[in-house]
Amino acid sequence: MLETLAQAVINGLLIGGIYALVSIGVTLIFGVVKIVNFAQGEFVMIGMYISFFLATQFGIDPLVSLVVSMPVLFVAGMLIQHFLIRRVLGPNDMPQIFLTFALSLLLLNLSLMLFTANYRTVHTWYSDEALHFGGLYIPVAKLIAFVVAMGLSALLWVFLHTTDLGKAMRAASQNRDVAMLMGINPNRVFAVAFGTALALAGAAGSLLMPFYSAYPFVGQVFVLMAFVAVVMGTLGNVMGALIASLMMGVAESLGIQFVGADSGLIVVFALLLLTLAFRPSGLGAQRGR
Amino acid sequence: METLGKMKWLWIALAAVVMLALPQIVTSSFAIDIFIRILLFSFIGVAWNLMGGYAKQLSLGHAAYFGLGAYTSTIMQVNYGISPWIGMVAGGVVAMLASLPIGWLCFRLRGPYFTIATIATAQVLMLIFLKFRDFAWGAEGTTIPNLGSAPLMMQFEEKSSYYYVVLGLLVVGLWVTHKIEKSWMGYYLVAIGEDEDAAEAIGVNAPKIKRDIYMLSAFLTALAGTFYTQYIYFIDPATAFSFNVSIEAALVSIVGGIGTLWGPVIGTVLLETTSALLQSWLGSSVGGIQLTVYSLILMAVILWRPTGLIGFATDVYHRYARRKPAHA
């Protein structure tokens with residue numbers, strides 16, 4: 001029993017690392033640009049397809065293809081911010097919500113047209129490997145994904161706290177108007193924030209590829225997790241999103257283990273609704289405007 | 001003013017004649033099927049627009065009420081033999097009651113996070129109905145027993161009869177919207193939509209208004225759920241709580257003109273016609289084409305004309321009308 005519990009917690013933490021990459025992206029965009037990117041999950045999907053095609057066409061390992069998927073999505077993010085998002089920034093919610101939502105629909109359905117709904121997998125030499133500790137086992141592919149995800153999160157933290165651009169981003173997220181008065185160029189900061197967030201989503205996609213199937217709808221699972229984690233971890237807070245994501249992973253895994261195989265999402269949604277019911281302050285209500 | 005009033009009634013009478021005669025003139029069942037879809041989604045859009053359009057509470061979870069309406073009437077009909085006409089109203093009441101706790105939770109959030117919370121509630125309901133195996137048939141769903149021609153059980157042999165039912169629903173929806181638009185409630189809703197804090201500061205009881213309009217919107221959406229299930233003779237959690245219903249409800253309103261009486265209808269006509277044309281050109285074999293085109297239209301509207309087609313038409317009209325007095 002204790003062992004089952006420990007195993008479930010380990011599984012949850014490992015996948016929680018991937019959720020963290022997605023949530024940090026969502027919270028970064030929300031913090032700096034003040035919009036919610038509904039399409040974040042679709043960029044995970046795109047990262048997966050990039051790694052899938054590099055693996056099947058050129059035999060490149062998905063972990064190596066990280067160096068392709070991240071820059072590609074970073075540039076894509078800068079372009080999307082510059083040509084689309086920039087045009088709807090303002091006091092009105094509707095265009096912001098439905099522009100990124102339309103982007104999500106577009107990318108999802110385009111990939112459905114181009115790649116069909118088939119599940120794509122990449123088999124690597126470490127896909128079936130696992131480390132054993134007593135009765136516990138840790139799949140190598142998931143462990144690598146977790147470690148790289150935590151490494152990238154740490155890098156982002158260092159970037160946000162030590163570089164001028166990172167500090168400008170944090171300043172913009174704390175008080176945009178004052179930051180602008182201090183001479184921070186909003187368009188540049190927003191573009192970098194959006195690009196960074198998408199690069200993280202792309203990284204999540206590449207890291208998933210050795211042990212997860214790519215299909216057009218795959219992003220929806222991750223984006224829902226990210227939204228819940230971001231609400232629970234206080235909007236716009238990178239560290240909060242990271243911790244909440246790991247918690248979500250564990251909660252989902254415990255749900256699957258002890259309630260039923262298809263109950264992971266129910267547990268997650270229940271957590272969201274309970275949070276809203278009992279601790280709404282510090283979540284969306286204050287800063288959600 | 002007198003003549004304008006008369007003109008208005010003339011137009012309404014003309015529109016009524018056309019709408020009533022349409023299924024008698026165009027008898028192809030393919031066409032009637034498209035008309036029914038247009039009327040149905042117009043009606044769902046009208047229901048969404050009451051809350052999403054006027055009060056700008058942008059829900060993407062209206063499938064929750066569509067599904068509750070569908071399931072309430074179907075459970076009453078299949079398990080207890082109660083007519084869907086009664087089940088339809090019962091479904092509406094169930095949806096209204098469900099909107100109270102759902103609204104209590106979701107209205108704690110504003111803006112995009114309200115939208116996300118509504119998505120979550122619809123998903124939770126779908127998952128719950130997937131689990132209810134003995135009560136609501138679980139994932140397999142069930143077919144509605146076909147009784148042939150049984151108008152009292154909302155079953156008709158002629159497709160055109162379904163057309164008239166859903167036309168009736170749409171007329172009710174538009175009439176309710178029109179009444180609200182002209183009432184204090186309508187002004188409160190628009191005030192909340194413009195700036196909720198400012199509305200509260202001048203004495204609008206925003207929580208109560210939002211709760212009431214959510215109940216009404218849920219009630220109407222549930223009626224559509226019952227109708228749709230009766231029309232396709234089948235129900236399962238994936239169709240009843242389909243995310244596509246939530247999406248289309250919002251999309252038709254935004255594309256047509258958010259917060260306007262006719263916006264949802266015009267948006268539906270455009271989107272459903274486009275979809276039907278695409279299907280006849282390309283066949284239904286290409287998955288995803290419909291929503292790809294919808295999302296492109298949505299992006300175009302948001303980037304170039306956030307007031308929708310109605311806004312576009314009004315701008316054009318004003319440009320034309322402004323020129324008129326110049327040479328008068």
# chains A, B, ... in the order shown; residues from 1 in each chain; ligands from 1
>>> closest_atom_pairs(of="chain B", to="chain A", cutoff="9 Å", atoms="only C-alpha atoms", output="CSV")
residue,atom,partner,partner_atom,distance
B:Lys56,CA,A:Met94,CA,7.6
B:Leu58,CA,A:Met94,CA,7.3
B:Trp104,CA,A:Ala277,CA,8.3
B:Leu105,CA,A:Ala277,CA,5.9
B:Cys106,CA,A:Leu276,CA,7.7
B:Arg108,CA,A:Ala285,CA,6.0
B:Leu109,CA,A:Ala285,CA,5.1
B:Arg110,CA,A:Gly288,CA,5.7
B:Gly111,CA,A:Asp93,CA,6.1
B:Pro112,CA,A:Ile97,CA,6.1
B:Tyr113,CA,A:Gly284,CA,6.7
B:Phe114,CA,A:Gly284,CA,8.6
B:Thr115,CA,A:Ile97,CA,8.4
B:Ile116,CA,A:Phe227,CA,7.4
B:Ala117,CA,A:Leu273,CA,8.0
B:Ala120,CA,A:Phe269,CA,6.4
B:Thr121,CA,A:Phe269,CA,8.0
B:Gln123,CA,A:Phe269,CA,8.4
B:Val124,CA,A:Ile266,CA,6.4
B:Leu127,CA,A:Ile266,CA,7.0
B:Ile128,CA,A:Ile266,CA,8.3
B:Glu194,CA,A:Asn92,CA,8.6
B:Leu251,CA,A:Phe98,CA,8.8
B:Ile254,CA,A:Met94,CA,8.9
B:Val286,CA,A:Met113,CA,6.4
B:Gly287,CA,A:Met113,CA,5.8
B:Gly288,CA,A:Asn109,CA,4.5
B:Ile289,CA,A:Met113,CA,6.7
B:Gln290,CA,A:Asn109,CA,8.4
B:Leu291,CA,A:Asn109,CA,6.3
B:Thr292,CA,A:Leu106,CA,5.0
B:Val293,CA,A:Leu106,CA,7.9
B:Tyr294,CA,A:Leu106,CA,8.3
B:Ser295,CA,A:Ala102,CA,4.8
B:Leu296,CA,A:Leu106,CA,6.9
B:Ile297,CA,A:Ala102,CA,8.9
B:Leu298,CA,A:Ala102,CA,6.4
B:Met299,CA,A:Leu99,CA,5.9
B:Ile302,CA,A:Pro95,CA,5.7
B:Leu303,CA,A:Arg87,CA,7.1
B:Pro306,CA,A:Pro95,CA,7.0
>>> write_last_selection(atoms="C-alpha atoms", output="compact mmCIF listing (two decimals), in the first residue's frame")
# COMPACT_ATOMS: atom_id res chain seq x y z
CA LYS B 56 -19.66 40.13 -21.55
CA LEU B 58 -17.63 35.04 -21.94
CA TRP B 104 -21.45 30.89 -7.71
CA LEU B 105 -18.07 29.28 -8.44
CA CYS B 106 -17.28 30.75 -11.83
CA ARG B 108 -15.57 34.49 -8.53
CA LEU B 109 -13.28 34.84 -11.50
CA ARG B 110 -13.26 37.51 -14.12
CA GLY B 111 -12.14 37.76 -17.70
CA PRO B 112 -10.25 34.83 -19.18
CA TYR B 113 -10.29 32.86 -15.94
CA PHE B 114 -14.05 32.96 -15.85
CA THR B 115 -13.94 31.46 -19.34
CA ILE B 116 -11.59 28.69 -18.21
CA ALA B 117 -13.73 27.87 -15.18
CA ALA B 120 -13.98 23.06 -16.59
CA THR B 121 -17.57 22.81 -15.35
CA GLN B 123 -15.99 18.94 -18.75
CA VAL B 124 -16.77 17.82 -15.19
CA LEU B 127 -17.06 13.09 -17.01
CA ILE B 128 -19.84 12.60 -14.43
CA GLU B 194 -18.67 47.71 -20.10
CA LEU B 251 -18.51 31.96 -32.22
CA ILE B 254 -18.99 37.11 -32.00
CA VAL B 286 -11.24 16.00 -44.53
CA GLY B 287 -11.41 16.19 -40.74
CA GLY B 288 -10.85 19.57 -39.15
CA ILE B 289 -11.62 21.67 -42.24
CA GLN B 290 -14.81 23.14 -40.77
CA LEU B 291 -13.19 24.43 -37.57
CA THR B 292 -10.10 25.57 -39.47
CA VAL B 293 -12.28 27.85 -41.56
CA TYR B 294 -14.32 28.93 -38.50
CA SER B 295 -11.19 29.89 -36.63
CA LEU B 296 -9.87 31.90 -39.59
CA ILE B 297 -13.18 33.76 -39.84
CA LEU B 298 -13.11 34.37 -36.08
CA MET B 299 -9.56 35.74 -36.24
CA ILE B 302 -11.48 40.00 -34.12
CA LEU B 303 -8.56 41.67 -35.87
CA PRO B 306 -14.56 43.27 -33.41
>>> select_by_dssp(residues="region 58-302 of chain B", states="helix (DSSP H, G or I)", output="PyMOL selection string")
chain B and resi 63-80+84-106+112-131+133-136+138-140+151-153+159-181+184-194+196-201+206-232+237-240+243-256+263-282+289-302
>>> residues_around(residues="Ser213 (chain A)", least_positions_apart="6", cutoff="6 Å", atoms="only C-alpha atoms", output="mmCIF file with N, CA and C atoms, in the first residue's frame")
data_model
loop_
_atom_site.group_PDB
_atom_site.id
_atom_site.type_symbol
_atom_site.label_atom_id
_atom_site.label_comp_id
_atom_site.auth_asym_id
_atom_site.auth_seq_id
_atom_site.Cartn_x
_atom_site.Cartn_y
_atom_site.Cartn_z
ATOM 1 N N TYR A 119 -2.231 8.447 -33.808
ATOM 2 C CA TYR A 119 -1.261 8.607 -32.733
ATOM 3 C C TYR A 119 0.119 8.318 -33.288
ATOM 4 N N ARG A 120 1.067 9.239 -33.037
ATOM 5 C CA ARG A 120 2.440 9.041 -33.518
ATOM 6 C C ARG A 120 3.341 8.828 -32.316
ATOM 7 N N THR A 121 4.187 7.810 -32.404
ATOM 8 C CA THR A 121 5.129 7.582 -31.311
ATOM 9 C C THR A 121 6.541 7.464 -31.865
#
>>> closest_residue(among="A:Asn118, A:Gln57, A:Thr234, A:Thr163", to="Tyr215 (chain A)", atoms="only C-alpha atoms")
A:Asn118
>>> closest_residue(among="A:Arg176, A:His123, A:Arg170, A:Arg86", to="Gly59 (chain A)", atoms="only C-alpha atoms")
A:His123
>>> closest_residue(among="A:Leu21, A:Met45, A:Ala229, A:Ala168", to="Met180 (chain A)", atoms="only C-alpha atoms")
A:Ala168
>>> closest_residue(among="B:Asn146, B:Gln24, B:Thr74, B:Asn79", to="Ser160 (chain B)", atoms="only C-alpha atoms")
B:Gln24
